[in-house]
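Beneath this line is the structure, given in structure tokens, with notes to follow.
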Amino acid sequence: MESFEFSTELVPGLPNELGLECLTRLPYTAHRLASGVCHRWRDLFQSPDFHYHRKKLGYTQKVACLVQAFSGGTVNGPKRPGELPSYGISVFESLNRGWYRLPPVPKYPNGLPLFCQLASCEGKLVVMGGWNPVSYDPVADVFIYDFTTQQWRQGKDMPSKRSFFAIGACSGRVYIAGGHDENKNALRTAWVYDLRKDEWGQMGELSKERDECEGVVIGEDEFWVVSGYGTERQGQFDGSADAYGFKSGEWRVAEGIWEPGQCPRSSVGIGKGGKLMNWAELDTAVGVGARGIMLVGRVLVTGSEYQGGPHGFYMVEVKEGQIGKLEKINVPDEFSGFVQSGCFVEI
């Protein structure tokens, strides 16, 4: 949106163009407090159009949101012997390399659903699916975190319960595909969630069943569902992908884009020439459990050198498709836990 219309002055004594310029420059961490000044400011800060306006002018903040194990066990208490780790969402601010933690989802105060999926949509964080952290039953929950209000809200449930599915987002919509159902049957179905309307719509089916697939959005053109396997081929990861064109609304098959037999979960990146790559192949330091979050011009890469080894955090420069070397970054102890998955958010 190129312009805004206001019935009264945004900032008394200033032309609205100048008032808008001042508010556009406010860091996102000040939006919640500034929203309390008046209704006009509140409506502006919560408007998706204002997000795109800040993005166009280069005033958004680039962060990585990580589903991360808490070293202390449960979110609000110590870990008991034999208890599985609890997961929450950590935020890494790429500019100042600062860390902080989001408040728990009210429905799950002691930890996120296990294996839930993250996506970023219009400056908000969307959390979908996973397993109930107590019963381990699959859930269809959808939660949205608004960085302006610093609050969670619950969205419309996914049309069906599914786990280990591909996810991606573009232009106010979140796309999901594949995974498996409650009976561990691999799926071909795909759905799209409209964040503003809080509605789900069905997409065409994938070319084949794809359990434990990975979602990658290529620019603003396509949503790729990478690898995966069928119900009768447990663990035999495929080398192809299904690519959904946002403009055409149709799927196409891309063959030979992934190493057959390799699990793609959270390890798929975009390398030289737009080709897919495996973050685990960057360096032996992240050879196990590699995760990569694409930031603007850089990638946050996490992983271990060996099974059960300490988890390392690294930044990698990306210039014209060329991948640089790992640069180890110091991380506070409370944010050094295993990273299950994550996504890039432009706030």
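Chain labels run A, B, ... following the order of the structure tokens; each chain numbers its residues from 1, and ligands are numbered from 1 in the order shown.
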
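Look at range 136-146 of chain A: the protein and nucleic acid residues within 6 Å of it, using only C-alpha atoms and passing over chain neighbours fewer than 2 places away, are Lys124, Leu125, Val126, Val127, Met128, Gly129, Gly130, Trp131, Asn132, Pro133, Val134, Thr148, Thr149, Gln150, Gln151, Trp152, Arg153, Gln154, Gly155, Asp157, Met158 and Lys161 of chain A.
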
Could you give me, as a list in words, each residue of range 193-234 of chain A that DSSP assigns to strand (DSSP E or B) when run on this structure's backbone?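 Checking each residue of range 193-234 of chain A, the strand (DSSP E or B) ones are Tyr193, Asp194, Glu199, Trp200, Gly201, Gln202, Asp211, Glu214, Gly215, Val216, Val217, Ile218, Glu222, Phe223, Trp224, Val225, Val226 and Tyr229 of chain A.
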
Put those residues in a file: N, CA, C and O atoms, as a PDB file, in the first residue's frame.
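Printed below is again_2.pdb as written:
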ATOM      1  N   TYR A 193      -3.571 -21.573   4.485  1.00  0.00           N
ATOM      2  CA  TYR A 193      -4.220 -20.818   5.562  1.00  0.00           C
ATOM      3  C   TYR A 193      -4.069 -19.330   5.285  1.00  0.00           C
ATOM      4  O   TYR A 193      -2.950 -18.828   5.104  1.00  0.00           O
ATOM      5  N   ASP A 194      -5.206 -18.615   5.224  1.00  0.00           N
ATOM      6  CA  ASP A 194      -5.219 -17.169   5.031  1.00  0.00           C
ATOM      7  C   ASP A 194      -5.216 -16.509   6.412  1.00  0.00           C
ATOM      8  O   ASP A 194      -6.185 -16.612   7.158  1.00  0.00           O
ATOM      9  N   GLU A 199      -8.947 -18.466   7.625  1.00  0.00           N
ATOM     10  CA  GLU A 199      -9.663 -19.500   6.882  1.00  0.00           C
ATOM     11  C   GLU A 199      -8.682 -20.448   6.191  1.00  0.00           C
ATOM     12  O   GLU A 199      -7.577 -20.058   5.808  1.00  0.00           O
ATOM     13  N   TRP A 200      -9.127 -21.693   6.036  1.00  0.00           N
ATOM     14  CA  TRP A 200      -8.347 -22.711   5.330  1.00  0.00           C
ATOM     15  C   TRP A 200      -8.967 -23.003   3.973  1.00  0.00           C
ATOM     16  O   TRP A 200     -10.188 -23.013   3.827  1.00  0.00           O
ATOM     17  N   GLY A 201      -8.113 -23.261   2.982  1.00  0.00           N
ATOM     18  CA  GLY A 201      -8.572 -23.670   1.663  1.00  0.00           C
ATOM     19  C   GLY A 201      -7.756 -24.859   1.189  1.00  0.00           C
ATOM     20  O   GLY A 201      -6.555 -24.962   1.482  1.00  0.00           O
ATOM     21  N   GLN A 202      -8.393 -25.773   0.470  1.00  0.00           N
ATOM     22  CA  GLN A 202      -7.696 -26.965   0.009  1.00  0.00           C
ATOM     23  C   GLN A 202      -6.971 -26.694  -1.306  1.00  0.00           C
ATOM     24  O   GLN A 202      -7.477 -25.986  -2.187  1.00  0.00           O
ATOM     25  N   ASP A 211       5.940 -38.131   3.614  1.00  0.00           N
ATOM     26  CA  ASP A 211       6.065 -37.997   5.069  1.00  0.00           C
ATOM     27  C   ASP A 211       7.469 -37.482   5.386  1.00  0.00           C
ATOM     28  O   ASP A 211       8.430 -37.777   4.672  1.00  0.00           O
ATOM     29  N   GLU A 214      10.150 -31.498   3.699  1.00  0.00           N
ATOM     30  CA  GLU A 214      10.542 -30.163   4.149  1.00  0.00           C
ATOM     31  C   GLU A 214       9.986 -29.119   3.183  1.00  0.00           C
ATOM     32  O   GLU A 214      10.000 -29.311   1.964  1.00  0.00           O
ATOM     33  N   GLY A 215       9.502 -28.007   3.739  1.00  0.00           N
ATOM     34  CA  GLY A 215       8.962 -26.940   2.914  1.00  0.00           C
ATOM     35  C   GLY A 215       9.969 -25.819   2.690  1.00  0.00           C
ATOM     36  O   GLY A 215      10.651 -25.407   3.629  1.00  0.00           O
ATOM     37  N   VAL A 216      10.076 -25.348   1.461  1.00  0.00           N
ATOM     38  CA  VAL A 216      10.961 -24.244   1.112  1.00  0.00           C
ATOM     39  C   VAL A 216      10.213 -23.310   0.172  1.00  0.00           C
ATOM     40  O   VAL A 216       9.633 -23.764  -0.821  1.00  0.00           O
ATOM     41  N   VAL A 217      10.220 -22.020   0.481  1.00  0.00           N
ATOM     42  CA  VAL A 217       9.617 -21.022  -0.400  1.00  0.00           C
ATOM     43  C   VAL A 217      10.722 -20.389  -1.244  1.00  0.00           C
ATOM     44  O   VAL A 217      11.708 -19.882  -0.707  1.00  0.00           O
ATOM     45  N   ILE A 218      10.574 -20.442  -2.563  1.00  0.00           N
ATOM     46  CA  ILE A 218      11.543 -19.887  -3.496  1.00  0.00           C
ATOM     47  C   ILE A 218      11.060 -18.509  -3.935  1.00  0.00           C
ATOM     48  O   ILE A 218      10.133 -18.391  -4.742  1.00  0.00           O
ATOM     49  N   GLU A 222       7.311 -19.909  -5.787  1.00  0.00           N
ATOM     50  CA  GLU A 222       6.892 -21.291  -5.575  1.00  0.00           C
ATOM     51  C   GLU A 222       7.092 -21.750  -4.131  1.00  0.00           C
ATOM     52  O   GLU A 222       7.986 -21.270  -3.435  1.00  0.00           O
ATOM     53  N   PHE A 223       6.266 -22.715  -3.752  1.00  0.00           N
ATOM     54  CA  PHE A 223       6.403 -23.439  -2.482  1.00  0.00           C
ATOM     55  C   PHE A 223       6.822 -24.860  -2.829  1.00  0.00           C
ATOM     56  O   PHE A 223       6.090 -25.584  -3.508  1.00  0.00           O
ATOM     57  N   TRP A 224       8.017 -25.247  -2.368  1.00  0.00           N
ATOM     58  CA  TRP A 224       8.545 -26.575  -2.659  1.00  0.00           C
ATOM     59  C   TRP A 224       8.336 -27.508  -1.475  1.00  0.00           C
ATOM     60  O   TRP A 224       8.608 -27.135  -0.328  1.00  0.00           O
ATOM     61  N   VAL A 225       7.882 -28.731  -1.769  1.00  0.00           N
ATOM     62  CA  VAL A 225       7.749 -29.794  -0.770  1.00  0.00           C
ATOM     63  C   VAL A 225       8.819 -30.823  -1.116  1.00  0.00           C
ATOM     64  O   VAL A 225       8.695 -31.569  -2.090  1.00  0.00           O
ATOM     65  N   VAL A 226       9.883 -30.830  -0.330  1.00  0.00           N
ATOM     66  CA  VAL A 226      11.101 -31.552  -0.683  1.00  0.00           C
ATOM     67  C   VAL A 226      11.156 -32.939  -0.039  1.00  0.00           C
ATOM     68  O   VAL A 226      10.945 -33.081   1.162  1.00  0.00           O
ATOM     69  N   TYR A 229       8.769 -39.604   2.144  1.00  0.00           N
ATOM     70  CA  TYR A 229       8.610 -40.996   1.733  1.00  0.00           C
ATOM     71  C   TYR A 229       7.157 -41.415   1.905  1.00  0.00           C
ATOM     72  O   TYR A 229       6.373 -40.765   2.612  1.00  0.00           O
TER      73      TYR A 229
END

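Among A:Pro159, A:Tyr52, A:Ala186, A:Gln340, the residue with the shortest atom-to-atom distance to Leu112 in chain A, counting only C-alpha atoms, is A:Gln340.
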
Polymer residues at most 12 Å from Trp191 in chain A, only C-alpha atoms, same-chain spacing of 6 or more positions, as a PyMOL selection string: chain A and resi 157-160+162+165-169+173-179+199-206+223+244+249

Ranking A:Glu93, A:Glu9, A:Glu17, A:Asp43 by minimum distance to Glu346 in chain A and counting only C-alpha atoms, which one comes first? A:Glu93

Residue nearest Leu195 in chain A - candidates A:Gln262, A:Ser207, A:Gln234, A:Ser120, atoms counted: only C-alpha atoms: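 Nearest candidate to Leu195 in chain A out of A:Gln262, A:Ser207, A:Gln234, A:Ser120: A:Ser120.
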
Find the residues near range 276-283 of chain A: any atom within 10 Å, counting only C-alpha atoms, skip ones fewer than 6 places away on the same chain, and give them as a ChimeraX atom specification. /A:216,226,257-259,262-270,289-293,299,301-305,316,323-326

Excluding Gln61 in chain A and any residue of its chain fewer than 4 positions from it, enumerate the residues within 9 Å of it, using only C-alpha atoms, and give them as a PyMOL selection string. chain A and resi 27-28+55+93-95+345-347
